[in-house]
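Engineer: First, the structure itself, so that you have it in front of you.
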Amino acid sequence: VLEMISKGSVQRGAVWVAQRVPAGHITAHANQARITTFPLNDPETAMYSSDVISFARSQGLYDGPDDAFSFSDTYDPVTPSGARLSEARVWSLFRQFSNDMGPYLDYVQGRNLTNRMPWSIQPLHKLTLNQTMWSFRQHNEHSWFDPTKDEGAEAFNSPYRWRPLAW
């Protein structure tokens, strides 16, 4: 999985990190950087731009030791709305294939941003292509986020929402 952030108007280019998904695991991303710390000396597991940490230091974004550097926390910190609108979609997908996502509900609700979900999970069983496709067709049904149960569902219990999502 590759995550890349532009250096913006400061300098041409981008900073990036790529991390291998462990064998037997799945991961998901939804408009939020999710790779936190990563091994700096294991190119079989993680690769990164040569200036991923030094650029953060030069911009005043990070001043800790290299081995504690978190790509997500530095370049795309999770906010309460980011947890609710992005990370909740990852949580929803993970909970279809794991019984261990309950402890992260307060995180995806945007209430406890320190309770980060794991970057990848080991599913209960090997996924088929069909299961993978169907997993993206759900709308948080039967969860705290079930859109058919709130005021946005209107009279017909629609899972779809008009944009913008926040007001």
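By order of appearance in the structure tokens: chains A, B, ..., then residues from 1 within every chain, and ligands from 1 in the order shown.
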Would you mind listing, for every residue of segment 73-135 of chain A within 9 Å of segment 11-23 of chain A, the two atoms forming the shortest contact and the distance between them in Å to one decimal, using only C-alpha atoms, sorted by chain and ascending residue number, as JSON lines?
Structural biologist:
{"residue": "A:Trp119", "atom": "CA", "partner": "A:Val21", "partner_atom": "CA", "distance": 8.8}
{"residue": "A:Ser120", "atom": "CA", "partner": "A:Val21", "partner_atom": "CA", "distance": 7.0}
{"residue": "A:Ile121", "atom": "CA", "partner": "A:Pro22", "partner_atom": "CA", "distance": 8.9}
{"residue": "A:Gln122", "atom": "CA", "partner": "A:Ala23", "partner_atom": "CA", "distance": 8.7}
Engineer: Suppose we keep N, CA, C and O atoms; can you now write the selection as a compact mmCIF listing (two decimals), in the first residue's frame?
Structural biologist:
# COMPACT_ATOMS: atom_id res chain seq x y z
N TRP A 119 -3.60 -1.19 11.40
CA TRP A 119 -3.45 -0.87 9.98
C TRP A 119 -3.99 -2.01 9.12
O TRP A 119 -4.55 -1.79 8.06
N SER A 120 -3.83 -3.22 9.60
CA SER A 120 -4.35 -4.39 8.89
C SER A 120 -4.91 -5.35 9.91
O SER A 120 -4.57 -5.27 11.10
N ILE A 121 -5.77 -6.24 9.45
CA ILE A 121 -6.33 -7.27 10.33
C ILE A 121 -6.24 -8.62 9.65
O ILE A 121 -6.18 -8.71 8.42
N GLN A 122 -6.27 -9.67 10.46
CA GLN A 122 -6.35 -11.02 9.92
C GLN A 122 -7.83 -11.40 9.92
O GLN A 122 -8.45 -11.48 10.98
Engineer: Give me, as JSON, numbers by chain, all polymer residues having an atom no more than 8 Å from segment 70-81 of chain A, counting only C-alpha atoms and skipping those fewer than 5 positions away in the same chain.
Structural biologist: {"A": [5, 17, 32, 33, 34, 35, 36, 37, 38, 56, 61, 62, 86, 109, 110, 111, 113]}
Engineer: Looking at A:Val52, A:Met117, A:Val108, A:Met101, which one is nearest to Ser6 of chain A, with distances taken over only C-alpha atoms?
Structural biologist: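 Comparing A:Val52, A:Met117, A:Val108, A:Met101 against Ser6 of chain A, the winner is A:Val52.
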Engineer: I'd like the contact shell of segment 131-145 of chain A - 12 Å cut-off, only C-alpha atoms, skipping same-chain residues fewer than 2 positions apart - returned as a PyMOL selection string.
Structural biologist: chain A and resi 26-28+30+84-85+88-97+101-102+104-106+108-109+123+125-129+147-153+157-161
Engineer: Give me the residues within 12 Å of Val10 of chain A as a ChimeraX atom specification, counting only C-alpha atoms and dropping any in the same chain fewer than 6 places off.
Structural biologist: /A:55-56,58-59
Engineer: Just list the residues in segment 22-152 of chain A DSSP gives helix (DSSP H, G or I) on the backbone, as number ranges by chain.
Structural biologist: A: 52-58, 66-68, 71-75, 80-95, 102-108, 129-135, 151-152
